[in-house]
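The next block is entry_30.txt, given as compact mmCIF, C-alpha atoms.
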# COMPACT_ATOMS: atom_id res chain seq x y z
CA MET A 1 182.57 34.81 79.20
CA ARG A 2 183.75 32.42 81.84
CA GLY A 3 181.55 29.88 83.54
CA ARG A 4 180.00 30.69 86.88
CA GLU A 5 182.49 28.65 88.91
CA ARG A 6 185.46 30.59 87.52
CA ALA A 7 183.69 33.90 87.13
CA THR A 8 185.50 37.08 88.04
CA PRO A 9 184.07 38.43 91.35
CA LEU A 10 181.61 41.25 90.76
CA PRO A 11 183.56 43.81 92.86
CA SER A 12 186.62 43.23 90.66
CA LEU A 13 184.56 43.57 87.50
CA TYR A 14 182.97 46.74 88.81
CA THR A 15 186.36 48.17 89.71
CA SER A 16 187.57 47.56 86.14
CA THR A 17 184.41 49.13 84.79
CA VAL A 18 184.92 52.27 86.88
CA THR A 19 188.61 52.59 86.01
CA GLN A 20 187.74 52.34 82.32
CA GLY A 21 185.21 55.16 82.68
CA ARG A 22 182.11 53.09 81.96
CA ARG A 23 180.33 53.30 85.30
CA GLU A 24 177.64 55.69 84.06
CA HIS A 25 176.97 53.49 81.07
CA VAL A 26 176.32 50.46 83.29
CA LEU A 27 174.28 52.49 85.77
CA GLU A 28 172.14 53.88 83.00
CA LEU A 29 171.35 50.37 81.78
CA LEU A 30 170.47 49.15 85.26
CA ARG A 31 168.38 52.18 86.29
CA ASP A 32 165.96 51.39 83.54
CA ILE A 33 165.11 48.03 85.07
CA ILE A 34 165.71 48.80 88.78
CA PRO A 35 163.44 51.65 89.89
CA GLY A 36 165.08 54.06 92.35
CA LEU A 37 168.63 52.79 91.86
CA ARG A 38 171.04 55.59 92.85
CA SER A 39 174.36 53.90 92.33
CA ILE A 40 176.38 50.74 92.65
CA GLU A 41 179.01 50.66 95.36
CA ILE A 42 181.51 48.23 96.82
CA LEU A 43 180.91 47.97 100.56
CA VAL A 44 182.93 45.97 103.05
CA THR A 45 181.50 43.29 105.32
CA PRO A 46 182.49 43.00 109.02
CA ARG A 47 185.00 40.40 107.83
CA ASN A 48 186.51 42.93 105.40
CA GLU A 49 185.15 41.20 102.33
CA PRO A 50 184.16 43.46 99.42
CA VAL A 51 180.54 43.09 98.38
CA LEU A 52 178.82 44.84 95.49
CA HIS A 53 175.66 46.66 96.57
CA LEU A 54 172.77 48.27 94.74
CA VAL A 55 172.31 51.61 96.48
CA PHE A 56 168.91 53.27 96.90
CA GLN A 57 167.84 56.45 98.68
CA HIS A 58 167.24 54.77 102.04
CA GLY A 59 169.70 51.92 102.01
CA SER A 60 171.44 49.32 99.92
CA VAL A 61 170.96 45.68 98.89
CA PRO A 62 173.80 43.24 98.16
CA VAL A 63 173.69 42.25 94.51
CA ALA A 64 173.77 38.64 95.68
CA LEU A 65 170.27 39.15 97.10
CA ALA A 66 168.86 40.59 93.88
CA GLY A 67 166.90 38.41 91.50
CA ASP A 68 168.56 36.16 88.96
CA GLY A 69 167.55 38.47 86.14
CA ILE A 70 169.18 41.53 87.72
CA ARG A 71 172.35 39.59 88.49
CA THR A 72 172.52 38.18 84.95
CA MET A 73 172.02 41.62 83.45
CA LEU A 74 174.58 43.22 85.81
CA ARG A 75 177.23 40.60 85.12
CA LEU A 76 176.69 40.82 81.37
CA SER A 77 176.99 44.61 81.38
CA LEU A 78 180.07 44.57 83.61
CA GLU A 79 181.81 41.79 81.67
CA LEU A 80 181.22 43.67 78.42
CA ALA A 81 182.12 47.07 79.88
CA THR A 82 185.54 45.86 81.02
CA ARG A 83 186.58 44.86 77.49
CA SER A 84 187.40 47.11 74.58
CA GLN A 85 188.51 44.64 71.97
CA GLY A 86 188.78 40.95 71.27
CA LEU A 87 186.20 38.21 71.07
CA VAL A 88 183.47 37.45 73.60
CA LEU A 89 181.45 34.24 73.55
CA ILE A 90 178.10 34.40 75.32
CA GLU A 91 175.73 31.51 75.84
CA GLU A 92 172.04 32.35 76.06
CA PRO A 93 172.17 35.76 77.75
CA GLU A 94 168.37 35.70 77.89
CA VAL A 95 168.34 33.14 80.70
CA HIS A 96 166.45 34.48 83.77
CA GLN A 97 165.86 37.84 82.11
CA HIS A 98 162.60 39.74 81.90
CA PRO A 99 161.83 40.83 78.32
CA ARG A 100 162.34 44.46 79.31
CA ALA A 101 165.77 43.66 80.70
CA LEU A 102 166.63 42.05 77.37
CA HIS A 103 166.51 45.50 75.80
CA GLN A 104 169.14 46.66 78.27
CA SER A 105 171.22 43.59 77.47
CA ALA A 106 170.87 44.45 73.80
CA LYS A 107 172.09 47.99 74.50
CA ALA A 108 175.09 46.63 76.41
CA LEU A 109 175.90 44.20 73.61
CA LEU A 110 175.63 46.85 70.89
CA ALA A 111 177.72 49.34 72.88
CA SER A 112 180.49 46.77 73.17
CA VAL A 113 180.32 45.93 69.46
CA ARG A 114 180.55 49.65 68.63
CA ARG A 115 183.71 49.80 70.76
CA GLY A 116 185.28 47.10 68.59
CA LEU A 117 184.43 43.93 70.48
CA GLN A 118 183.36 40.91 68.46
CA VAL A 119 180.44 39.14 70.12
CA VAL A 120 179.33 35.62 69.30
CA LEU A 121 176.22 34.63 71.18
CA SER A 122 173.87 31.69 71.10
CA THR A 123 170.21 32.22 71.84
CA HIS A 124 166.77 30.64 71.70
CA SER A 125 165.11 34.02 72.23
CA LEU A 126 163.32 35.85 69.46
CA GLU A 127 162.74 38.60 72.02
CA LEU A 128 166.49 39.11 72.35
CA ILE A 129 166.89 39.21 68.57
CA ASP A 130 164.04 41.70 68.30
CA ALA A 131 165.56 43.79 71.10
CA LEU A 132 168.88 43.86 69.24
CA LEU A 133 167.10 44.93 66.06
CA LEU A 134 165.16 47.61 67.90
CA GLU A 135 168.31 49.10 69.41
CA ALA A 136 170.51 48.68 66.32
CA THR A 137 171.32 51.43 63.84
CA GLN A 138 171.64 50.73 60.12
CA GLU A 139 175.41 50.73 60.64
CA ASP A 140 175.07 48.15 63.42
CA LEU A 141 173.06 45.91 61.10
CA GLN A 142 176.03 45.63 58.75
CA ARG A 143 177.90 43.92 61.60
CA PHE A 144 175.18 41.34 62.24
CA SER A 145 175.01 37.78 61.00
CA VAL A 146 172.63 35.12 62.22
CA TYR A 147 173.33 31.44 61.83
CA ARG A 148 170.68 28.84 62.46
CA LEU A 149 172.30 25.56 63.45
CA LYS A 150 170.82 22.11 63.12
CA LEU A 151 172.23 18.68 63.81
CA ASN A 152 171.15 16.69 60.80
CA GLU A 153 171.80 12.97 61.34
CA GLY A 154 175.08 13.75 63.05
CA GLU A 155 176.13 16.49 60.66
CA LEU A 156 175.98 20.09 61.83
CA VAL A 157 174.43 22.23 59.12
CA SER A 158 173.75 25.94 59.17
CA SER A 159 171.86 28.64 57.34
CA ARG A 160 172.87 32.28 57.42
CA LEU A 161 171.08 35.60 57.27
CA SER A 162 172.84 38.95 57.00
CA GLY A 163 171.86 41.86 59.24
CA ASP A 164 169.58 43.31 56.58
CA GLY A 165 168.12 39.86 55.95
CA LEU A 166 167.56 39.44 59.67
CA ALA A 167 165.80 42.80 59.92
CA PHE A 168 163.54 41.90 57.00
CA ALA A 169 162.82 38.44 58.36
CA ARG A 170 161.79 39.67 61.79
CA THR A 171 160.17 43.03 61.08
CA GLN A 172 158.47 42.52 57.73
CA ILE A 173 157.43 38.87 57.66
CA GLU A 174 157.99 37.89 61.32
CA GLU A 175 159.98 34.81 60.44
CA ASP A 176 160.55 32.52 63.41
CA LEU A 177 164.28 31.98 63.10
CA ARG A 178 164.55 29.20 65.68
CA MET B 1 161.09 14.27 58.41
CA ARG B 2 160.40 17.88 59.31
CA ARG B 3 159.62 19.93 56.23
CA GLU B 4 157.09 22.34 54.83
CA SER B 5 155.74 24.01 51.74
CA VAL B 6 155.47 27.79 51.74
CA ILE B 7 153.22 30.11 49.78
CA LEU B 8 154.40 33.71 49.56
CA CYS B 9 151.74 36.20 48.56
CA GLU B 10 151.46 39.96 48.44
CA GLY B 11 148.90 40.69 51.12
CA PHE B 12 145.84 39.72 53.06
CA HIS B 13 143.48 39.44 50.08
CA ASP B 14 145.77 36.94 48.34
CA ARG B 15 146.07 35.14 51.66
CA ALA B 16 142.27 34.93 51.90
CA PHE B 17 141.99 33.62 48.35
CA TRP B 18 144.66 30.97 49.00
CA ASP B 19 142.96 30.09 52.27
CA GLY B 20 139.69 29.35 50.50
CA LEU B 21 141.47 27.47 47.72
CA LEU B 22 143.52 25.28 50.07
CA ARG B 23 140.46 24.40 52.15
CA HIS B 24 138.52 23.69 48.95
CA LEU B 25 141.26 21.20 48.06
CA GLY B 26 141.02 19.43 51.39
CA CYS B 27 143.72 21.16 53.43
CA VAL B 28 142.79 21.65 57.08
CA VAL B 29 143.91 23.93 59.86
CA PRO B 30 145.62 21.70 62.44
CA GLN B 31 143.46 21.90 65.52
CA ASP B 32 143.68 19.95 68.73
CA PRO B 33 140.20 18.36 69.08
CA ASN B 34 140.48 18.61 72.86
CA LYS B 35 140.87 22.39 72.78
CA PRO B 36 138.04 24.89 72.27
CA ALA B 37 137.91 26.52 68.85
CA SER B 38 138.84 29.86 70.44
CA GLN B 39 142.26 28.45 71.35
CA LYS B 40 143.60 28.31 67.85
CA ILE B 41 147.30 27.63 68.25
CA ILE B 42 148.97 26.29 65.13
CA MET B 43 152.41 24.77 65.52
CA ASP B 44 154.81 24.25 62.63
CA PRO B 45 156.90 21.08 62.13
CA TRP B 46 159.74 22.63 64.19
CA GLY B 47 157.53 23.23 67.21
CA SER B 48 157.19 26.98 66.76
CA ARG B 49 153.84 28.73 66.80
CA VAL B 50 152.59 30.06 63.47
CA THR B 51 152.22 33.82 64.03
CA GLY B 52 152.71 37.13 62.30
CA GLY B 53 149.68 37.01 60.03
CA ARG B 54 150.68 33.63 58.65
CA PHE B 55 148.33 30.71 58.22
CA GLY B 56 149.26 27.04 58.57
CA TYR B 57 147.57 23.93 57.17
CA HIS B 58 147.93 20.21 56.93
CA SER B 59 147.61 18.89 53.40
CA ASN B 60 145.69 15.72 52.60
CA THR B 61 148.80 13.68 53.44
CA ARG B 62 149.56 15.82 56.55
CA GLU B 63 152.35 17.79 54.91
CA PHE B 64 152.65 21.24 56.49
CA VAL B 65 151.76 24.23 54.31
CA ARG B 66 152.53 27.77 55.47
CA LEU B 67 150.87 30.79 53.90
CA ILE B 68 152.75 34.09 54.30
CA PRO B 69 151.45 37.55 53.34
CA CYS B 70 154.49 39.72 52.68
CA GLY B 71 152.99 43.20 52.91
CA GLY B 72 153.18 44.02 49.21
CA GLU B 73 154.73 42.90 45.98
CA THR B 74 157.97 44.76 46.70
CA PHE B 75 158.71 42.40 49.58
CA LEU B 76 158.22 39.11 47.76
CA ALA B 77 161.80 38.90 46.53
CA ASP B 78 163.27 39.46 50.01
CA ALA B 79 160.85 36.93 51.46
CA MET B 80 162.01 34.40 48.88
CA ARG B 81 165.64 35.11 49.73
CA THR B 82 164.93 34.68 53.44
CA ARG B 83 163.09 31.38 53.19
CA LEU B 84 165.50 29.93 50.65
CA ALA B 85 168.47 30.92 52.83
CA GLU B 86 166.93 28.86 55.63
CA ARG B 87 166.29 25.76 53.57
CA THR B 88 169.50 24.02 54.70
CA THR B 89 168.17 23.91 58.27
CA LYS B 90 164.42 24.03 57.60
CA THR B 91 163.69 21.67 54.76
CA LEU B 92 161.57 23.34 52.10
CA ARG B 93 159.54 20.97 49.98
CA ARG B 94 157.98 23.59 47.73
CA LEU B 95 157.97 27.38 47.54
CA VAL B 96 155.13 29.06 45.69
CA VAL B 97 155.41 32.76 44.87
CA THR B 98 152.23 34.58 43.91
CA TYR B 99 152.07 37.69 41.75
CA ASP B 100 149.49 39.64 39.78
CA ALA B 101 150.33 39.78 36.05
CA ASP B 102 149.42 43.47 36.24
CA THR B 103 149.08 43.90 32.46
CA ASP B 104 146.13 45.28 30.50
CA PRO B 105 143.85 42.53 29.09
CA ARG B 106 142.98 44.77 26.13
CA THR B 107 146.59 44.74 24.92
CA ASP B 108 147.85 41.58 26.65
CA PRO B 109 144.79 39.27 26.56
CA SER B 110 146.50 36.11 27.76
CA ALA B 111 149.03 38.04 29.83
CA PRO B 112 152.23 36.60 28.28
CA GLN B 113 154.17 39.76 29.06
CA GLY B 114 153.13 39.82 32.69
CA ILE B 115 153.74 36.09 33.16
CA ALA B 116 157.12 36.18 31.43
CA SER B 117 158.36 39.11 33.47
CA ARG B 118 157.38 37.42 36.76
CA HIS B 119 158.99 34.11 35.82
CA SER B 120 162.10 35.87 34.62
CA ALA B 121 162.42 37.88 37.84
CA VAL B 122 162.10 34.73 39.96
CA LEU B 123 164.55 32.79 37.81
CA ASN B 124 167.12 35.59 38.07
CA LEU B 125 166.78 35.63 41.82
CA LEU B 126 167.10 31.85 42.07
CA ASN B 127 170.18 31.89 39.91
CA GLN B 128 171.73 34.52 42.18
CA ILE B 129 170.96 32.44 45.25
CA THR B 130 172.11 29.11 43.82
CA ARG B 131 174.87 30.50 41.59
CA GLY B 132 173.23 29.14 38.48
CA GLY B 133 172.14 25.83 39.95
CA VAL B 134 168.52 26.03 38.78
CA THR B 135 166.85 23.62 36.39
CA THR B 136 163.29 23.63 35.08
CA ASN B 137 160.82 20.74 34.91
CA THR B 138 158.24 20.14 32.20
CA ASP B 139 155.57 22.05 34.16
CA GLY B 140 157.74 25.17 34.27
CA ASP B 141 158.64 24.83 37.94
CA PHE B 142 162.17 25.67 39.02
CA LEU B 143 164.16 22.91 40.73
CA LEU B 144 166.84 23.60 43.34
CA ASP B 145 169.22 21.26 45.12
CA GLY B 146 168.75 18.47 42.60
CA GLY B 147 164.97 18.75 42.77
CA ASN B 148 164.68 18.60 46.57
CA THR B 149 163.15 22.06 46.56
CA VAL B 150 160.60 23.05 43.93
CA VAL B 151 159.83 26.72 43.27
CA SER B 152 156.59 27.54 41.46
CA VAL B 153 155.36 30.91 40.26
CA ALA B 154 151.60 31.47 40.31
CA VAL B 155 150.55 34.52 38.33
CA TRP B 156 147.00 35.79 38.70
CA TRP B 157 145.29 36.74 35.47
CA ALA B 158 141.97 35.89 33.81
CA PRO B 159 141.52 34.70 30.23
CA ASP B 160 138.11 36.40 29.90
CA ALA B 161 137.64 39.03 27.21
CA PRO B 162 137.05 42.57 28.45
CA GLY B 163 133.41 42.99 29.44
CA PRO B 164 131.01 44.48 31.96
CA GLY B 165 132.05 44.09 35.56
CA LEU B 166 135.65 43.19 34.78
CA PRO B 167 138.59 45.42 35.72
CA ALA B 168 141.08 46.35 33.01
CA LYS B 169 144.11 44.84 34.71
CA HIS B 170 145.21 41.24 35.13
CA THR B 171 144.99 40.79 38.88
CA LEU B 172 143.44 38.62 41.56
CA GLU B 173 140.51 41.03 41.50
CA ARG B 174 139.94 40.39 37.78
CA LEU B 175 140.19 36.64 38.34
CA ALA B 176 137.53 36.77 41.08
CA CYS B 177 135.28 39.16 39.14
CA SER B 178 135.54 37.00 36.01
CA ALA B 179 134.42 33.92 37.89
CA LEU B 180 131.57 35.85 39.49
CA ALA B 181 130.54 37.32 36.14
CA ALA B 182 130.47 33.87 34.56
CA ALA B 183 128.47 32.43 37.44
CA PHE B 184 126.13 35.42 37.81
CA PRO B 185 126.08 37.55 34.63
CA GLY B 186 123.42 39.84 36.05
CA ARG B 187 125.69 40.88 38.88
CA ALA B 188 128.48 41.88 36.52
CA GLN B 189 126.05 44.11 34.61
CA ALA B 190 124.84 45.65 37.85
CA VAL B 191 128.41 46.32 39.05
CA GLU B 192 129.28 47.97 35.74
CA GLN B 193 126.15 50.11 35.81
CA TRP B 194 126.79 51.19 39.36
CA LEU B 195 130.42 52.06 38.69
CA GLN B 196 129.51 54.01 35.56
CA SER B 197 126.70 55.84 37.29
CA ARG B 198 128.74 57.06 40.22
CA PRO B 199 128.47 60.78 40.93
CA ALA B 200 131.61 62.80 40.30
CA GLY B 201 134.31 62.26 42.86
CA PRO B 202 137.67 60.63 43.33
CA ARG B 203 138.08 57.47 41.24
CA SER B 204 141.20 55.37 41.36
CA GLY B 205 140.41 53.08 38.45
CA ASP B 206 141.79 50.35 40.69
CA PRO B 207 140.62 46.77 40.05
CA LYS B 208 139.52 46.75 43.69
CA GLU B 209 136.58 48.99 42.73
CA TYR B 210 135.10 46.01 40.90
CA ALA B 211 135.92 43.40 43.54
CA TRP B 212 134.59 45.49 46.41
CA SER B 213 131.43 46.30 44.46
CA ASN B 214 130.75 42.56 44.32
CA MET B 215 131.63 42.24 47.97
CA ALA B 216 129.35 45.12 48.98
CA GLY B 217 126.50 43.90 46.80
CA TRP B 218 126.37 40.21 47.70
CA TYR B 219 128.95 39.28 50.38
CA ALA B 220 129.03 42.24 52.77
CA SER B 221 128.12 40.39 55.93
CA GLN B 222 131.57 38.87 56.45
CA GLY B 223 133.71 41.78 55.27
CA CYS B 224 136.45 42.33 52.75
CA GLU B 225 138.95 39.60 53.53
CA ALA B 226 136.40 36.82 53.90
CA PHE B 227 135.03 37.76 50.48
CA TYR B 228 137.99 36.08 48.78
CA SER B 229 137.93 32.92 50.84
CA GLU B 230 134.13 32.57 50.87
CA LEU B 231 134.04 32.56 47.06
CA TRP B 232 135.23 28.98 47.28
CA ASN B 233 132.17 27.98 49.30
CA GLU B 234 129.78 28.89 46.48
CA PRO B 235 129.73 25.91 44.05
CA GLN B 236 129.03 27.88 40.86
CA VAL B 237 131.81 30.35 41.62
CA ALA B 238 134.23 27.61 42.68
CA THR B 239 133.63 25.83 39.36
CA GLU B 240 134.36 29.01 37.42
CA LEU B 241 137.45 29.73 39.50
CA GLN B 242 138.75 26.20 39.00
CA SER B 243 138.29 26.54 35.24
CA ARG B 244 140.29 29.76 35.16
CA LEU B 245 142.99 28.56 37.52
CA THR B 246 143.41 25.49 35.32
CA THR B 247 143.90 27.73 32.28
CA ILE B 248 146.49 29.90 34.02
CA GLY B 249 148.35 26.96 35.55
CA ALA B 250 147.70 27.76 39.18
CA TRP B 251 145.28 24.87 39.75
CA ARG B 252 148.06 22.31 39.24
CA ILE B 253 150.31 24.16 41.67
CA ALA B 254 147.56 24.31 44.29
CA GLN B 255 146.73 20.63 43.81
CA GLU B 256 150.36 19.64 44.30
CA LEU B 257 150.47 21.68 47.50
CA ALA B 258 147.33 20.03 48.77
CA VAL B 259 148.41 16.43 48.13

If you convert what's in this file into structure tokens, what do you get?
Amino acid sequence: MRGRERATPLPSLYTSTVTQGRREHVLELLRDIIPGLRSIEILVTPRNEPVLHLVFQHGSVPVALAGDGIRTMLRLSLELATRSQGLVLIEEPEVHQHPRALHQSAKALLASVRRGLQVVLSTHSLELIDALLLEATQEDLQRFSVYRLKLNEGELVSSRLSGDGLAFARTQIEEDLR
Amino acid sequence: MRRESVILCEGFHDRAFWDGLLRHLGCVVPQDPNKPASQKIIMDPWGSRVTGGRFGYHSNTREFVRLIPCGGETFLADAMRTRLAERTTKTLRRLVVTYDADTDPRTDPSAPQGIASRHSAVLNLLNQITRGGVTTNTDGDFLLDGGNTVVSVAVWWAPDAPGPGLPAKHTLERLACSALAAAFPGRAQAVEQWLQSRPAGPRSGDPKEYAWSNMAGWYASQGCEAFYSELWNEPQVATELQSRLTTIGAWRIAQELAV
């Protein structure tokens, strides 16, 4: 996904999400971590600028005023929801996120993989890996690979675990993969 | 250089036995002297906390040793695969895999069948992982990556002839009961009498019946798991254990871990 300075504006992303029929999917992910969220809507400022709002029963809050974790989770879900195929590179999606929100991120990631997207992500978070494993089906596991990277005296070396190997390592012997 | 040795064992009782053995050989649990004993946080050489039922030690030369219970014999092979797959990024000095021989001492007194089948299973797995790149040293250890990683197989069995107080299966339980019987013959007789005199009821015939009878009779205060580690704190028992471990080849492996 693109860096923050060149990021697609959230209203545009949301528009693409809605036109591709994935609004409910994104809302479902967000409702689990934002109590009372009714919907997400694009409202217009007095200067006619579109702003994405989180809408509750008695009012709305611009997404820009939400916490970093909510914004990270929202952008990740929208960026993934607007793509059906191709390759997505994600750097440390766990940044700013509450562990509970990581499960929603995992759901968003798995949904996009099931649609045919290839996702390559880097992480330092065992909680994110565990969240992915918790949400993954046996079929999903066949699509997983984990590479541990290490710079060894200037040479980049790696070790690899398959999805099944990853599941064993984390759930049976609680291997710390970092 | 960041590296470690890893012991893979079946479960918590093997872990307790290894824990007592490693401490007996001078390994220590790394502990910050400025922190209270209740704050036991053990970090591995890569800066991650040792968790998940694992134990961590520093050997006599401050090499890191990790002890991993795998939740049963069926998981040992996958645990080997996992740790060996990681060895390119987490240097593995030595991997020790622990099994019970699981044969009957009446028909397999020195357990060659049980030992051979365990070694053969490990060698097959290593050959799969390294595509045939395994060699063997004179001690029977397997060498990977030109000897940079050593894989040892420790098989629990006891060379003692069948007798009172000894289970009829080559296991960790039989090893512990044999050492106890040699150190305290009266206890072995008492355990046998008690087991034979039990009123009718469910009986598993499991070697644990013998081990837990010893535990209940003379070591109950600290519970089941501590039984296996506390054996090493009793000099007569430790001497008998050392003698048996030397015979079965596990003493050398433990000593090399503890260096």

Per residue of chain B within 8 Å of chain A, what are the shortest atom pair and its distance in Å to one decimal, counting only C-alpha atoms, with rows by chain and residue number, as JSON lines?
{"residue": "B:Ser48", "atom": "CA", "partner": "A:Asp176", "partner_atom": "CA", "distance": 7.3}
{"residue": "B:Thr51", "atom": "CA", "partner": "A:Glu174", "partner_atom": "CA", "distance": 7.6}
{"residue": "B:Gly52", "atom": "CA", "partner": "A:Glu174", "partner_atom": "CA", "distance": 5.4}
{"residue": "B:Ile68", "atom": "CA", "partner": "A:Ile173", "partner_atom": "CA", "distance": 7.5}
{"residue": "B:Pro69", "atom": "CA", "partner": "A:Ile173", "partner_atom": "CA", "distance": 7.5}
{"residue": "B:Cys70", "atom": "CA", "partner": "A:Ile173", "partner_atom": "CA", "distance": 5.8}
{"residue": "B:Gly71", "atom": "CA", "partner": "A:Gln172", "partner_atom": "CA", "distance": 7.3}
{"residue": "B:Asp78", "atom": "CA", "partner": "A:Phe168", "partner_atom": "CA", "distance": 7.4}
{"residue": "B:Ala79", "atom": "CA", "partner": "A:Ala169", "partner_atom": "CA", "distance": 7.3}
{"residue": "B:Thr82", "atom": "CA", "partner": "A:Ala169", "partner_atom": "CA", "distance": 6.5}
{"residue": "B:Ala85", "atom": "CA", "partner": "A:Ser159", "partner_atom": "CA", "distance": 6.1}
{"residue": "B:Glu86", "atom": "CA", "partner": "A:Ser159", "partner_atom": "CA", "distance": 5.2}
{"residue": "B:Arg87", "atom": "CA", "partner": "A:Ser159", "partner_atom": "CA", "distance": 7.3}
{"residue": "B:Thr88", "atom": "CA", "partner": "A:Ser159", "partner_atom": "CA", "distance": 5.8}
{"residue": "B:Thr89", "atom": "CA", "partner": "A:Lys150", "partner_atom": "CA", "distance": 5.8}

Written file, previous selection with C-alpha atoms, as a compact mmCIF listing (two decimals), in the frame of the given file:
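Output file out-v5.txt follows:
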# COMPACT_ATOMS: atom_id res chain seq x y z
CA SER B 48 157.19 26.98 66.76
CA THR B 51 152.22 33.82 64.03
CA GLY B 52 152.71 37.13 62.30
CA ILE B 68 152.75 34.09 54.30
CA PRO B 69 151.45 37.55 53.34
CA CYS B 70 154.49 39.72 52.68
CA GLY B 71 152.99 43.20 52.91
CA ASP B 78 163.27 39.46 50.01
CA ALA B 79 160.85 36.93 51.46
CA THR B 82 164.93 34.68 53.44
CA ALA B 85 168.47 30.92 52.83
CA GLU B 86 166.93 28.86 55.63
CA ARG B 87 166.29 25.76 53.57
CA THR B 88 169.50 24.02 54.70
CA THR B 89 168.17 23.91 58.27

Write out as a PyMOL selection string which residues come within 8 Å of Ala188 in chain B when counting all atoms listed in the file, dropping same-chain ones fewer than 5 positions away. chain B and resi 164-166+177+180-181

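Of the residues listed (A:Arg31, A:His58, A:Arg23, A:Arg115), A:Arg115 shows the shortest atom-to-atom separation from Ser84 in chain A; distances use all atoms listed in the file.
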
Pick out the residues sitting within 10 Å of range 45-55 of chain A, and hand them over as an mmCIF file with C-alpha atoms, keeping the file's coordinate frame; count all atoms listed in the file, and ignore anything fewer than 6 positions along from it in its own chain.
data_model
loop_
_atom_site.group_PDB
_atom_site.id
_atom_site.type_symbol
_atom_site.label_atom_id
_atom_site.label_comp_id
_atom_site.auth_asym_id
_atom_site.auth_seq_id
_atom_site.Cartn_x
_atom_site.Cartn_y
_atom_site.Cartn_z
ATOM 1 C CA PRO A 9 184.070 38.430 91.350
ATOM 2 C CA LEU A 10 181.610 41.250 90.760
ATOM 3 C CA PRO A 11 183.560 43.810 92.860
ATOM 4 C CA SER A 12 186.620 43.230 90.660
ATOM 5 C CA LEU A 13 184.560 43.570 87.500
ATOM 6 C CA TYR A 14 182.970 46.740 88.810
ATOM 7 C CA LEU A 30 170.470 49.150 85.260
ATOM 8 C CA ILE A 34 165.710 48.800 88.780
ATOM 9 C CA GLY A 36 165.080 54.060 92.350
ATOM 10 C CA LEU A 37 168.630 52.790 91.860
ATOM 11 C CA ARG A 38 171.040 55.590 92.850
ATOM 12 C CA SER A 39 174.360 53.900 92.330
ATOM 13 C CA VAL A 61 170.960 45.680 98.890
ATOM 14 C CA PRO A 62 173.800 43.240 98.160
ATOM 15 C CA VAL A 63 173.690 42.250 94.510
ATOM 16 C CA ALA A 64 173.770 38.640 95.680
ATOM 17 C CA LEU A 65 170.270 39.150 97.100
ATOM 18 C CA ALA A 66 168.860 40.590 93.880
#

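Straight-line separation from CA of His170 in chain B to CA of Ala154 in chain B: 12.8 Å.
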
Which residues are close to range 10-19 of chain B, i.e. within 7 Å by all atoms listed in the file, leaving aside same-chain residues fewer than 6 positions away? Reply as a PDB file with C-alpha atoms, keeping the file's coordinate frame.
ATOM      1  CA  LEU B  67     150.870  30.790  53.900  1.00  0.00           C
ATOM      2  CA  PRO B  69     151.450  37.550  53.340  1.00  0.00           C
ATOM      3  CA  CYS B  70     154.490  39.720  52.680  1.00  0.00           C
ATOM      4  CA  GLY B  71     152.990  43.200  52.910  1.00  0.00           C
ATOM      5  CA  GLY B  72     153.180  44.020  49.210  1.00  0.00           C
ATOM      6  CA  GLU B  73     154.730  42.900  45.980  1.00  0.00           C
ATOM      7  CA  LEU B  76     158.220  39.110  47.760  1.00  0.00           C
ATOM      8  CA  GLU B 225     138.950  39.600  53.530  1.00  0.00           C
ATOM      9  CA  ALA B 226     136.400  36.820  53.900  1.00  0.00           C
ATOM     10  CA  TYR B 228     137.990  36.080  48.780  1.00  0.00           C
ATOM     11  CA  SER B 229     137.930  32.920  50.840  1.00  0.00           C
TER      12      SER B 229
END

Selection near Pro112 in chain B, 12 Å with all atoms listed in the file, sequence-local residues under 3 positions removed, as a ChimeraX atom specification: /B:101-105,107-109,115-120,155-159,170,248

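Separating CA of Gln222 in chain B from CA of Glu234 in chain B is a distance of 14.2 Å.
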
If we count all atoms listed in the file, what is near Gly133 in chain B at a cut-off of 12 Å, once residues fewer than 2 positions away on the same chain are taken out, given as a PyMOL selection string? chain B and resi 123-131+135-136+142-147+149

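The space separating CA of Leu8 in chain B from CA of Pro36 in chain B comes to 29.3 Å.
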
Under the rule that all atoms listed in the file are counted, which of A:Pro99, A:Glu24, A:Ala167, A:Ala106 is the nearest residue to Gln138 in chain A? A:Ala167

Anything within 10 Å of (167.3, 48.4, 86.9): list those residues as a ChimeraX atom specification, counting only C-alpha atoms and sticking to the file's coordinates. /A:26-37,54,69-70,73-74,100-101,104

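With distances restricted to all atoms listed in the file, A:Gln97 is the closest residue to Gly67 in chain A from A:Ser145, A:Gln97, A:Ala136, A:Asp130.
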
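For the set B:Pro235, B:Gly140, B:Gly53, B:Pro30, the residue with the smallest atom-to-atom gap to Cys9 in chain B is B:Gly53, counting all atoms listed in the file.
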
Could you build a table of the residues in range 155-177 of chain B lying no more than 8 Å from range 198-220 of chain B, giving for each the nearest pair of atoms and their separation in Å rounded to one decimal place, using only C-alpha atoms, ordered by chain and ascending residue number, as JSON lines?
{"residue": "B:Gly165", "atom": "CA", "partner": "B:Tyr210", "partner_atom": "CA", "distance": 6.4}
{"residue": "B:Leu166", "atom": "CA", "partner": "B:Tyr210", "partner_atom": "CA", "distance": 6.8}
{"residue": "B:Pro167", "atom": "CA", "partner": "B:Pro207", "partner_atom": "CA", "distance": 5.0}
{"residue": "B:Ala168", "atom": "CA", "partner": "B:Pro207", "partner_atom": "CA", "distance": 7.1}
{"residue": "B:Lys169", "atom": "CA", "partner": "B:Pro207", "partner_atom": "CA", "distance": 6.7}
{"residue": "B:Thr171", "atom": "CA", "partner": "B:Pro207", "partner_atom": "CA", "distance": 7.5}
{"residue": "B:Glu173", "atom": "CA", "partner": "B:Ala211", "partner_atom": "CA", "distance": 5.6}
{"residue": "B:Arg174", "atom": "CA", "partner": "B:Pro207", "partner_atom": "CA", "distance": 6.8}
{"residue": "B:Ala176", "atom": "CA", "partner": "B:Ala211", "partner_atom": "CA", "distance": 7.3}
{"residue": "B:Cys177", "atom": "CA", "partner": "B:Ala211", "partner_atom": "CA", "distance": 6.1}
